[in-house]
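Next comes my_file04.pdb, with PDB, C-alpha atoms, pLDDT in the B column.
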```pdb
ATOM      1  CA  ASP A   1       0.000   0.000   0.000  1.00 68.00           C
ATOM      2  CA  VAL A   2       1.050   3.552  -0.713  1.00 67.00           C
ATOM      3  CA  LYS A   3       1.971   5.423   2.377  1.00 90.00           C
ATOM      4  CA  VAL A   4       1.991   9.191   2.681  1.00 95.00           C
ATOM      5  CA  THR A   5       3.317  10.244   6.052  1.00 95.00           C
ATOM      6  CA  GLN A   6       3.011  13.674   7.591  1.00 95.00           C
ATOM      7  CA  SER A   7       5.449  14.337  10.389  1.00 88.00           C
ATOM      8  CA  SER A   8       3.020  15.817  12.904  1.00 90.00           C
ATOM      9  CA  ARG A   9      -0.636  15.182  13.630  1.00 93.00           C
ATOM     10  CA  TYR A  10      -1.072  18.324  15.741  1.00 96.00           C
ATOM     11  CA  LEU A  11       1.027  21.478  15.898  1.00 96.00           C
ATOM     12  CA  VAL A  12       0.618  24.645  17.941  1.00 97.00           C
ATOM     13  CA  LYS A  13       2.679  27.660  16.907  1.00 97.00           C
ATOM     14  CA  ARG A  14       2.795  31.349  17.715  1.00 97.00           C
ATOM     15  CA  THR A  15       2.141  34.197  15.317  1.00 98.00           C
ATOM     16  CA  GLY A  16       5.285  35.135  13.434  1.00 97.00           C
ATOM     17  CA  GLU A  17       7.007  31.786  13.855  1.00 97.00           C
ATOM     18  CA  LYS A  18       8.472  29.956  10.876  1.00 97.00           C
ATOM     19  CA  VAL A  19       6.700  26.628  10.517  1.00 97.00           C
ATOM     20  CA  PHE A  20       7.766  23.542   8.588  1.00 97.00           C
ATOM     21  CA  LEU A  21       5.309  20.807   7.653  1.00 97.00           C
ATOM     22  CA  GLU A  22       6.940  17.677   6.321  1.00 96.00           C
ATOM     23  CA  CYS A  23       5.512  15.000   4.054  1.00 97.00           C
ATOM     24  CA  VAL A  24       7.108  11.783   2.859  1.00 97.00           C
ATOM     25  CA  GLN A  25       5.750   9.215   0.396  1.00 96.00           C
ATOM     26  CA  ASP A  26       7.180   5.768  -0.151  1.00 94.00           C
ATOM     27  CA  MET A  27       5.952   4.840  -3.634  1.00 90.00           C
ATOM     28  CA  ASP A  28       8.250   6.845  -5.898  1.00 92.00           C
ATOM     29  CA  HIS A  29       5.411   9.136  -6.958  1.00 92.00           C
ATOM     30  CA  GLU A  30       6.215  11.986  -9.316  1.00 91.00           C
ATOM     31  CA  ASN A  31       3.629  14.448  -8.051  1.00 92.00           C
ATOM     32  CA  MET A  32       3.155  15.799  -4.558  1.00 94.00           C
ATOM     33  CA  PHE A  33       0.605  18.299  -3.310  1.00 95.00           C
ATOM     34  CA  TRP A  34      -0.213  20.434  -0.298  1.00 97.00           C
ATOM     35  CA  TYR A  35      -3.837  21.266   0.474  1.00 97.00           C
ATOM     36  CA  ARG A  36      -5.516  22.994   3.348  1.00 97.00           C
ATOM     37  CA  GLN A  37      -8.991  21.998   4.484  1.00 96.00           C
ATOM     38  CA  ASP A  38     -11.323  24.417   6.239  1.00 95.00           C
ATOM     39  CA  PRO A  39     -14.972  23.958   7.243  1.00 90.00           C
ATOM     40  CA  GLY A  40     -17.285  25.237   4.548  1.00 87.00           C
ATOM     41  CA  LEU A  41     -14.422  25.818   2.110  1.00 90.00           C
ATOM     42  CA  GLY A  42     -13.358  22.293   1.310  1.00 89.00           C
ATOM     43  CA  LEU A  43      -9.910  21.325   0.125  1.00 94.00           C
ATOM     44  CA  ARG A  44      -7.865  24.089  -1.485  1.00 95.00           C
ATOM     45  CA  LEU A  45      -4.579  23.562  -3.273  1.00 94.00           C
ATOM     46  CA  ILE A  46      -1.636  25.556  -1.943  1.00 96.00           C
ATOM     47  CA  TYR A  47       1.279  24.251  -4.019  1.00 96.00           C
ATOM     48  CA  PHE A  48       2.213  21.169  -5.953  1.00 93.00           C
ATOM     49  CA  SER A  49       5.382  19.668  -7.334  1.00 94.00           C
ATOM     50  CA  TYR A  50       5.747  17.393 -10.337  1.00 90.00           C
ATOM     51  CA  ASP A  51       9.444  16.699 -10.005  1.00 90.00           C
ATOM     52  CA  VAL A  52      12.387  17.282  -7.721  1.00 93.00           C
ATOM     53  CA  LYS A  53      13.046  21.013  -7.351  1.00 91.00           C
ATOM     54  CA  MET A  54       9.981  21.805  -9.458  1.00 91.00           C
ATOM     55  CA  LYS A  55       6.955  23.540  -8.002  1.00 93.00           C
ATOM     56  CA  GLU A  56       3.819  25.289  -9.133  1.00 92.00           C
ATOM     57  CA  LYS A  57       1.452  27.553  -7.291  1.00 92.00           C
ATOM     58  CA  GLY A  58      -1.988  26.294  -6.511  1.00 91.00           C
ATOM     59  CA  ASP A  59      -5.030  28.405  -5.784  1.00 90.00           C
ATOM     60  CA  ILE A  60      -3.902  29.924  -2.465  1.00 95.00           C
ATOM     61  CA  PRO A  61      -0.078  30.124  -2.354  1.00 96.00           C
ATOM     62  CA  GLU A  62       0.155  33.438  -0.500  1.00 96.00           C
ATOM     63  CA  GLY A  63       2.012  33.151   2.779  1.00 96.00           C
ATOM     64  CA  TYR A  64       3.432  29.733   1.906  1.00 98.00           C
ATOM     65  CA  SER A  65       6.473  28.308   0.192  1.00 97.00           C
ATOM     66  CA  VAL A  66       7.541  24.736  -0.562  1.00 97.00           C
ATOM     67  CA  SER A  67      10.654  22.696  -0.992  1.00 97.00           C
ATOM     68  CA  ARG A  68      11.260  19.441  -2.823  1.00 97.00           C
ATOM     69  CA  GLU A  69      14.919  18.475  -2.643  1.00 96.00           C
ATOM     70  CA  LYS A  70      14.261  14.734  -2.812  1.00 96.00           C
ATOM     71  CA  LYS A  71      11.579  12.894  -4.732  1.00 95.00           C
ATOM     72  CA  GLU A  72       9.994  11.346  -1.666  1.00 96.00           C
ATOM     73  CA  ARG A  73       9.814  14.486   0.459  1.00 97.00           C
ATOM     74  CA  PHE A  74       7.741  17.662   0.040  1.00 97.00           C
ATOM     75  CA  SER A  75       7.870  20.374   2.658  1.00 97.00           C
ATOM     76  CA  LEU A  76       5.433  23.208   3.233  1.00 98.00           C
ATOM     77  CA  ILE A  77       6.859  26.314   4.852  1.00 98.00           C
ATOM     78  CA  LEU A  78       4.983  29.114   6.556  1.00 97.00           C
ATOM     79  CA  GLU A  79       7.525  31.909   6.612  1.00 94.00           C
ATOM     80  CA  SER A  80       5.721  33.900   9.300  1.00 97.00           C
ATOM     81  CA  ALA A  81       2.695  32.100  10.656  1.00 97.00           C
ATOM     82  CA  SER A  82      -0.527  34.036  11.067  1.00 97.00           C
ATOM     83  CA  THR A  83      -3.778  33.148  12.803  1.00 97.00           C
ATOM     84  CA  ASN A  84      -5.593  32.796   9.470  1.00 97.00           C
ATOM     85  CA  GLN A  85      -3.284  29.904   8.663  1.00 98.00           C
ATOM     86  CA  THR A  86      -4.855  27.833  11.408  1.00 98.00           C
ATOM     87  CA  SER A  87      -6.162  24.884   9.441  1.00 97.00           C
ATOM     88  CA  MET A  88      -5.912  21.188   8.617  1.00 97.00           C
ATOM     89  CA  TYR A  89      -3.071  20.642   6.154  1.00 98.00           C
ATOM     90  CA  LEU A  90      -3.179  17.593   3.911  1.00 97.00           C
ATOM     91  CA  CYS A  91      -0.324  16.287   1.813  1.00 97.00           C
ATOM     92  CA  ALA A  92      -1.040  14.052  -1.189  1.00 95.00           C
ATOM     93  CA  SER A  93       0.856  12.315  -3.936  1.00 94.00           C
ATOM     94  CA  ASN A  94       0.173  10.459  -7.177  1.00 91.00           C
ATOM     95  CA  ILE A  95       2.034   8.549  -9.785  1.00 87.00           C
ATOM     96  CA  GLY A  96       2.185  11.139 -12.539  1.00 75.00           C
ATOM     97  CA  GLY A  97      -0.736  11.086 -14.956  1.00 71.00           C
ATOM     98  CA  ALA A  98      -3.183  13.942 -14.614  1.00 64.00           C
ATOM     99  CA  ASN A  99      -6.077  11.582 -14.046  1.00 74.00           C
ATOM    100  CA  GLU A 100      -4.348   9.489 -11.446  1.00 85.00           C
ATOM    101  CA  LYS A 101      -5.967   9.261  -8.041  1.00 89.00           C
ATOM    102  CA  LEU A 102      -4.436  11.042  -5.102  1.00 92.00           C
ATOM    103  CA  PHE A 103      -3.123   9.314  -1.998  1.00 94.00           C
ATOM    104  CA  PHE A 104      -3.455  11.500   1.064  1.00 95.00           C
ATOM    105  CA  GLY A 105      -1.591  11.690   4.327  1.00 95.00           C
ATOM    106  CA  SER A 106      -3.531  11.788   7.598  1.00 93.00           C
ATOM    107  CA  GLY A 107      -3.188  15.533   7.931  1.00 95.00           C
ATOM    108  CA  THR A 108      -1.610  18.046  10.287  1.00 96.00           C
ATOM    109  CA  GLN A 109      -3.934  20.191  12.371  1.00 96.00           C
ATOM    110  CA  LEU A 110      -2.051  23.461  12.797  1.00 97.00           C
ATOM    111  CA  SER A 111      -3.143  26.040  15.327  1.00 97.00           C
ATOM    112  CA  VAL A 112      -1.506  29.468  15.210  1.00 97.00           C
ATOM    113  CA  LEU A 113      -2.024  31.465  18.384  1.00 96.00           C
TER     114      LEU A 113
ATOM    115  CA  GLY B   1     -13.208  30.067 -12.756  1.00 60.00           C
ATOM    116  CA  GLN B   2     -14.251  26.853 -11.122  1.00 72.00           C
ATOM    117  CA  ASN B   3     -17.493  26.249  -9.244  1.00 88.00           C
ATOM    118  CA  ILE B   4     -18.545  22.953  -7.720  1.00 94.00           C
ATOM    119  CA  ASP B   5     -21.770  22.499  -5.772  1.00 95.00           C
ATOM    120  CA  GLN B   6     -22.836  19.630  -3.593  1.00 97.00           C
ATOM    121  CA  PRO B   7     -25.269  19.441  -0.668  1.00 97.00           C
ATOM    122  CA  THR B   8     -23.763  20.168   2.721  1.00 96.00           C
ATOM    123  CA  GLU B   9     -25.484  17.377   4.634  1.00 97.00           C
ATOM    124  CA  MET B  10     -27.623  14.319   4.008  1.00 98.00           C
ATOM    125  CA  THR B  11     -29.160  11.733   6.298  1.00 97.00           C
ATOM    126  CA  ALA B  12     -30.187   8.211   5.293  1.00 97.00           C
ATOM    127  CA  THR B  13     -31.219   4.955   6.901  1.00 97.00           C
ATOM    128  CA  GLU B  14     -29.107   1.845   7.184  1.00 97.00           C
ATOM    129  CA  GLY B  15     -29.872  -0.541   4.319  1.00 97.00           C
ATOM    130  CA  ALA B  16     -31.285   2.186   2.101  1.00 97.00           C
ATOM    131  CA  ILE B  17     -29.949   3.828  -1.065  1.00 97.00           C
ATOM    132  CA  VAL B  18     -28.670   7.405  -1.157  1.00 98.00           C
ATOM    133  CA  GLN B  19     -27.668   9.613  -4.075  1.00 98.00           C
ATOM    134  CA  ILE B  20     -25.203  12.465  -3.551  1.00 98.00           C
ATOM    135  CA  ASN B  21     -25.272  15.023  -6.344  1.00 98.00           C
ATOM    136  CA  CYS B  22     -22.497  17.245  -7.635  1.00 98.00           C
ATOM    137  CA  THR B  23     -22.813  19.985 -10.232  1.00 97.00           C
ATOM    138  CA  TYR B  24     -19.842  21.790 -11.683  1.00 95.00           C
ATOM    139  CA  GLN B  25     -18.904  24.683 -13.911  1.00 92.00           C
ATOM    140  CA  THR B  26     -15.242  24.617 -14.841  1.00 81.00           C
ATOM    141  CA  SER B  27     -12.931  25.903 -17.528  1.00 77.00           C
ATOM    142  CA  GLY B  28     -12.440  22.682 -19.446  1.00 82.00           C
ATOM    143  CA  PHE B  29     -13.084  19.216 -18.147  1.00 87.00           C
ATOM    144  CA  ASN B  30     -10.796  16.219 -17.872  1.00 86.00           C
ATOM    145  CA  GLY B  31     -12.533  14.039 -15.343  1.00 92.00           C
ATOM    146  CA  LEU B  32     -14.407  13.959 -12.056  1.00 95.00           C
ATOM    147  CA  PHE B  33     -13.364  12.193  -8.872  1.00 96.00           C
ATOM    148  CA  TRP B  34     -15.227  11.138  -5.755  1.00 97.00           C
ATOM    149  CA  TYR B  35     -13.389  10.734  -2.451  1.00 97.00           C
ATOM    150  CA  GLN B  36     -14.609   9.520   0.928  1.00 97.00           C
ATOM    151  CA  GLN B  37     -13.334  11.113   4.133  1.00 96.00           C
ATOM    152  CA  HIS B  38     -14.150   9.777   7.583  1.00 96.00           C
ATOM    153  CA  ALA B  39     -13.899  12.245  10.443  1.00 92.00           C
ATOM    154  CA  GLY B  40     -10.288  12.864  11.404  1.00 89.00           C
ATOM    155  CA  GLU B  41      -8.937  10.738   8.576  1.00 91.00           C
ATOM    156  CA  ALA B  42      -7.428  11.228   5.138  1.00 92.00           C
ATOM    157  CA  PRO B  43      -9.653  11.282   2.037  1.00 94.00           C
ATOM    158  CA  THR B  44      -9.605   8.027   0.108  1.00 95.00           C
ATOM    159  CA  PHE B  45     -10.350   7.513  -3.578  1.00 95.00           C
ATOM    160  CA  LEU B  46     -13.742   6.105  -4.568  1.00 96.00           C
ATOM    161  CA  SER B  47     -14.208   6.674  -8.289  1.00 96.00           C
ATOM    162  CA  TYR B  48     -13.142   8.492 -11.425  1.00 94.00           C
ATOM    163  CA  ASN B  49     -15.372   9.328 -14.407  1.00 95.00           C
ATOM    164  CA  VAL B  50     -14.289  10.973 -17.617  1.00 93.00           C
ATOM    165  CA  LEU B  51     -16.918   9.612 -20.029  1.00 94.00           C
ATOM    166  CA  ASP B  52     -20.694   9.919 -19.705  1.00 96.00           C
ATOM    167  CA  GLY B  53     -22.493   7.100 -18.001  1.00 97.00           C
ATOM    168  CA  LEU B  54     -22.558   4.985 -14.909  1.00 96.00           C
ATOM    169  CA  GLU B  55     -19.537   3.255 -13.383  1.00 94.00           C
ATOM    170  CA  GLU B  56     -20.396   0.576 -10.867  1.00 94.00           C
ATOM    171  CA  LYS B  57     -18.037  -0.647  -8.185  1.00 91.00           C
ATOM    172  CA  GLY B  58     -19.661  -2.879  -5.613  1.00 94.00           C
ATOM    173  CA  ARG B  59     -22.112  -0.947  -3.448  1.00 96.00           C
ATOM    174  CA  PHE B  60     -20.905   2.351  -4.894  1.00 97.00           C
ATOM    175  CA  SER B  61     -21.676   3.728  -8.354  1.00 97.00           C
ATOM    176  CA  SER B  62     -20.797   7.036  -9.941  1.00 98.00           C
ATOM    177  CA  PHE B  63     -22.573   8.739 -12.824  1.00 98.00           C
ATOM    178  CA  LEU B  64     -21.442  11.528 -15.102  1.00 97.00           C
ATOM    179  CA  SER B  65     -23.171  13.777 -17.633  1.00 97.00           C
ATOM    180  CA  ARG B  66     -20.658  16.136 -19.172  1.00 94.00           C
ATOM    181  CA  SER B  67     -23.267  18.097 -21.150  1.00 94.00           C
ATOM    182  CA  LYS B  68     -25.146  18.874 -17.925  1.00 95.00           C
ATOM    183  CA  GLY B  69     -22.085  19.400 -15.732  1.00 95.00           C
ATOM    184  CA  TYR B  70     -23.507  16.856 -13.345  1.00 96.00           C
ATOM    185  CA  SER B  71     -22.416  13.810 -11.435  1.00 98.00           C
ATOM    186  CA  TYR B  72     -23.808  11.701  -8.657  1.00 98.00           C
ATOM    187  CA  LEU B  73     -22.489   9.091  -6.271  1.00 98.00           C
ATOM    188  CA  LEU B  74     -24.935   6.304  -5.493  1.00 98.00           C
ATOM    189  CA  LEU B  75     -24.479   4.272  -2.340  1.00 97.00           C
ATOM    190  CA  LYS B  76     -26.540   1.103  -1.987  1.00 97.00           C
ATOM    191  CA  GLU B  77     -27.247  -1.090   1.045  1.00 97.00           C
ATOM    192  CA  LEU B  78     -26.044   1.641   3.345  1.00 98.00           C
ATOM    193  CA  GLN B  79     -23.985   0.667   6.350  1.00 97.00           C
ATOM    194  CA  MET B  80     -23.182   2.667   9.458  1.00 97.00           C
ATOM    195  CA  LYS B  81     -19.544   2.818   8.368  1.00 97.00           C
ATOM    196  CA  ASP B  82     -20.627   4.797   5.281  1.00 98.00           C
ATOM    197  CA  SER B  83     -21.169   7.813   7.541  1.00 98.00           C
ATOM    198  CA  ALA B  84     -18.503  10.165   6.202  1.00 97.00           C
ATOM    199  CA  SER B  85     -17.925  13.226   4.087  1.00 97.00           C
ATOM    200  CA  TYR B  86     -18.044  12.651   0.312  1.00 98.00           C
ATOM    201  CA  LEU B  87     -15.922  14.984  -1.775  1.00 97.00           C
ATOM    202  CA  CYS B  88     -16.554  15.727  -5.426  1.00 97.00           C
ATOM    203  CA  ALA B  89     -13.483  16.968  -7.320  1.00 95.00           C
ATOM    204  CA  VAL B  90     -13.090  18.079 -10.916  1.00 93.00           C
ATOM    205  CA  LEU B  91      -9.981  18.130 -13.072  1.00 88.00           C
ATOM    206  CA  PRO B  92     -10.483  21.280 -15.164  1.00 80.00           C
ATOM    207  CA  VAL B  93      -7.507  21.057 -17.524  1.00 72.00           C
ATOM    208  CA  ILE B  94      -4.492  18.860 -18.007  1.00 60.00           C
ATOM    209  CA  THR B  95      -1.471  20.866 -16.927  1.00 58.00           C
ATOM    210  CA  GLY B  96       2.110  20.138 -17.887  1.00 55.00           C
ATOM    211  CA  GLY B  97       2.591  18.179 -14.706  1.00 53.00           C
ATOM    212  CA  GLY B  98       0.455  17.080 -11.830  1.00 56.00           C
ATOM    213  CA  ASN B  99      -3.268  17.595 -11.658  1.00 67.00           C
ATOM    214  CA  LYS B 100      -4.868  20.666 -10.168  1.00 78.00           C
ATOM    215  CA  LEU B 101      -8.060  19.196  -8.859  1.00 87.00           C
ATOM    216  CA  THR B 102     -10.774  21.566  -7.714  1.00 88.00           C
ATOM    217  CA  PHE B 103     -12.739  20.156  -4.783  1.00 93.00           C
ATOM    218  CA  GLY B 104     -16.288  20.820  -3.704  1.00 94.00           C
ATOM    219  CA  THR B 105     -16.943  21.525  -0.055  1.00 95.00           C
ATOM    220  CA  GLY B 106     -18.085  17.959   0.593  1.00 96.00           C
ATOM    221  CA  THR B 107     -21.360  16.310   1.598  1.00 97.00           C
ATOM    222  CA  GLN B 108     -21.558  15.034   5.161  1.00 97.00           C
ATOM    223  CA  LEU B 109     -23.582  11.808   5.086  1.00 98.00           C
ATOM    224  CA  LYS B 110     -25.062  10.471   8.284  1.00 98.00           C
ATOM    225  CA  VAL B 111     -26.397   6.906   8.279  1.00 98.00           C
ATOM    226  CA  GLU B 112     -28.949   6.168  10.992  1.00 96.00           C
ATOM    227  CA  LEU B 113     -30.479   2.958  12.260  1.00 93.00           C
TER     228      LEU B 113
END
```
The structure in this file should be written as structure tokens.
Amino acid sequence: DVKVTQSSRYLVKRTGEKVFLECVQDMDHENMFWYRQDPGLGLRLIYFSYDVKMKEKGDIPEGYSVSREKKERFSLILESASTNQTSMYLCASNIGGANEKLFFGSGTQLSVL
Amino acid sequence: GQNIDQPTEMTATEGAIVQINCTYQTSGFNGLFWYQQHAGEAPTFLSYNVLDGLEEKGRFSSFLSRSKGYSYLLLKELQMKDSASYLCAVLPVITGGGNKLTFGTGTQLKVEL
């Protein structure tokens, strides 16, 4: 089975802190994605990467950056956390084709105080 | 832009049949996905439709009409474990890499005795 692992299940950070969310997948997938999920808004794409060192902005990239130095790892970075970034963050990956299903990690619930 | 509509909540009885509708208006269309998400867990893939018609997979079926911008997920012989959020997601265009799915806000299904 494909496994997408997010490093933390719950995180509490203070406003202005730099925050790193880590995601690792073990199936040699080409594509990796970061979403945030908020009540009433659904899943929204922040950034995705289709190859090592490659990245593209999603629908809501403001306030975020990403890093993909190795194929299996995709990091989401909040340069200066703000309270409106309190959310559930979901990492996902897939094999490469545009119509390939996504495999999701269990999510990181981030609270910014 | 992209717009995906699905009901916020539905309630059904164990053993019954329920239909969850999804309508979409997107710039281009390259497929529609349904995902299931239990509370506190990662979304998991249920189905993918790109051609018109009904795709059946056990107790779950998914229907697509591209001309009407409409899909539904049909769940038969409902079980308590089917209580979950059901996410409709559309692939608007095929990008150079990855797939920028647009998700609806999800339908929370509650199965009662």
Nearby residues (only C-alpha atoms) at most 10 Å from Gly96 (chain A), same-chain spacing under 3 positions excluded, as JSON, numbers by chain:
{"A": [28, 29, 30, 31, 32, 50, 51, 93, 99, 100, 101, 102], "B": [97, 98, 99]}
Would you save the residues from that selection as a PDB file, in the frame of the given file, using C-alpha atoms?
```
ATOM      1  CA  ASP A  28       8.250   6.845  -5.898  1.00 92.00           C
ATOM      2  CA  HIS A  29       5.411   9.136  -6.958  1.00 92.00           C
ATOM      3  CA  GLU A  30       6.215  11.986  -9.316  1.00 91.00           C
ATOM      4  CA  ASN A  31       3.629  14.448  -8.051  1.00 92.00           C
ATOM      5  CA  MET A  32       3.155  15.799  -4.558  1.00 94.00           C
ATOM      6  CA  TYR A  50       5.747  17.393 -10.337  1.00 90.00           C
ATOM      7  CA  ASP A  51       9.444  16.699 -10.005  1.00 90.00           C
ATOM      8  CA  SER A  93       0.856  12.315  -3.936  1.00 94.00           C
ATOM      9  CA  ASN A  99      -6.077  11.582 -14.046  1.00 74.00           C
ATOM     10  CA  GLU A 100      -4.348   9.489 -11.446  1.00 85.00           C
ATOM     11  CA  LYS A 101      -5.967   9.261  -8.041  1.00 89.00           C
ATOM     12  CA  LEU A 102      -4.436  11.042  -5.102  1.00 92.00           C
TER      13      LEU A 102
ATOM     14  CA  GLY B  97       2.591  18.179 -14.706  1.00 53.00           C
ATOM     15  CA  GLY B  98       0.455  17.080 -11.830  1.00 56.00           C
ATOM     16  CA  ASN B  99      -3.268  17.595 -11.658  1.00 67.00           C
TER      17      ASN B  99
END
```
Got a sec: who's within 7 Å of Ser106 (chain A), counting only C-alpha atoms, leaving out chain neighbours fewer than 6 positions off, as JSON, numbers by chain?
{"A": [6, 90], "B": [41, 42]}
Output file for the selection above: C-alpha atoms, as a short mmCIF file (atom, residue, chain, number, x, y, z; two decimals), in the coordinates of the input:
```cif
data_model
loop_
_atom_site.label_atom_id
_atom_site.label_comp_id
_atom_site.auth_asym_id
_atom_site.auth_seq_id
_atom_site.Cartn_x
_atom_site.Cartn_y
_atom_site.Cartn_z
CA GLN A 6 3.01 13.67 7.59
CA LEU A 90 -3.18 17.59 3.91
CA GLU B 41 -8.94 10.74 8.58
CA ALA B 42 -7.43 11.23 5.14
#
```
Applied to the shown file, which residues does the ChimeraX specification (/B :<6) & /A return, written as a PyMOL selection string?
chain A and resi 31+40-43+50+98+104-106
Hey, what's within 9 Å of Ile20 (chain B) if we count all atoms listed in the file and toss same-chain stuff fewer than 6 positions away? As an MDAnalysis selection string, please?
chainID B and resid 6:7 10 71:75 86 107 109
Protein and nucleic acid residues near (-9.8, 19.1, 11.7) (cut-off 12 Å, only C-alpha atoms) as a VMD selection string
(chain A and resid 9 to 11 36 to 39 42 to 43 86 to 90 106 to 111) or (chain B and resid 37 to 42)
Computed interatomic separation between CA of Arg44 (chain A) and CA of Asp59 (chain A) (Å):
6.7 Å
Mind pulling up the distance from CA of Pro92 (chain B) to CA of Trp34 (chain A)?
18.1 Å
Taking (-23.1, 5.9, -19.2) in the coordinates of the supplied file, I want to know which residues reach to within 9 Å of it, counting all atoms listed in the file; could you give the answer as an mmCIF file with C-alpha atoms, in the frame of the given file?
```cif
data_model
loop_
_atom_site.group_PDB
_atom_site.id
_atom_site.type_symbol
_atom_site.label_atom_id
_atom_site.label_comp_id
_atom_site.auth_asym_id
_atom_site.auth_seq_id
_atom_site.Cartn_x
_atom_site.Cartn_y
_atom_site.Cartn_z
ATOM 1 C CA LEU B 51 -16.918 9.612 -20.029
ATOM 2 C CA ASP B 52 -20.694 9.919 -19.705
ATOM 3 C CA GLY B 53 -22.493 7.100 -18.001
ATOM 4 C CA LEU B 54 -22.558 4.985 -14.909
ATOM 5 C CA GLU B 55 -19.537 3.255 -13.383
ATOM 6 C CA PHE B 63 -22.573 8.739 -12.824
ATOM 7 C CA LEU B 64 -21.442 11.528 -15.102
ATOM 8 C CA SER B 65 -23.171 13.777 -17.633
#
```
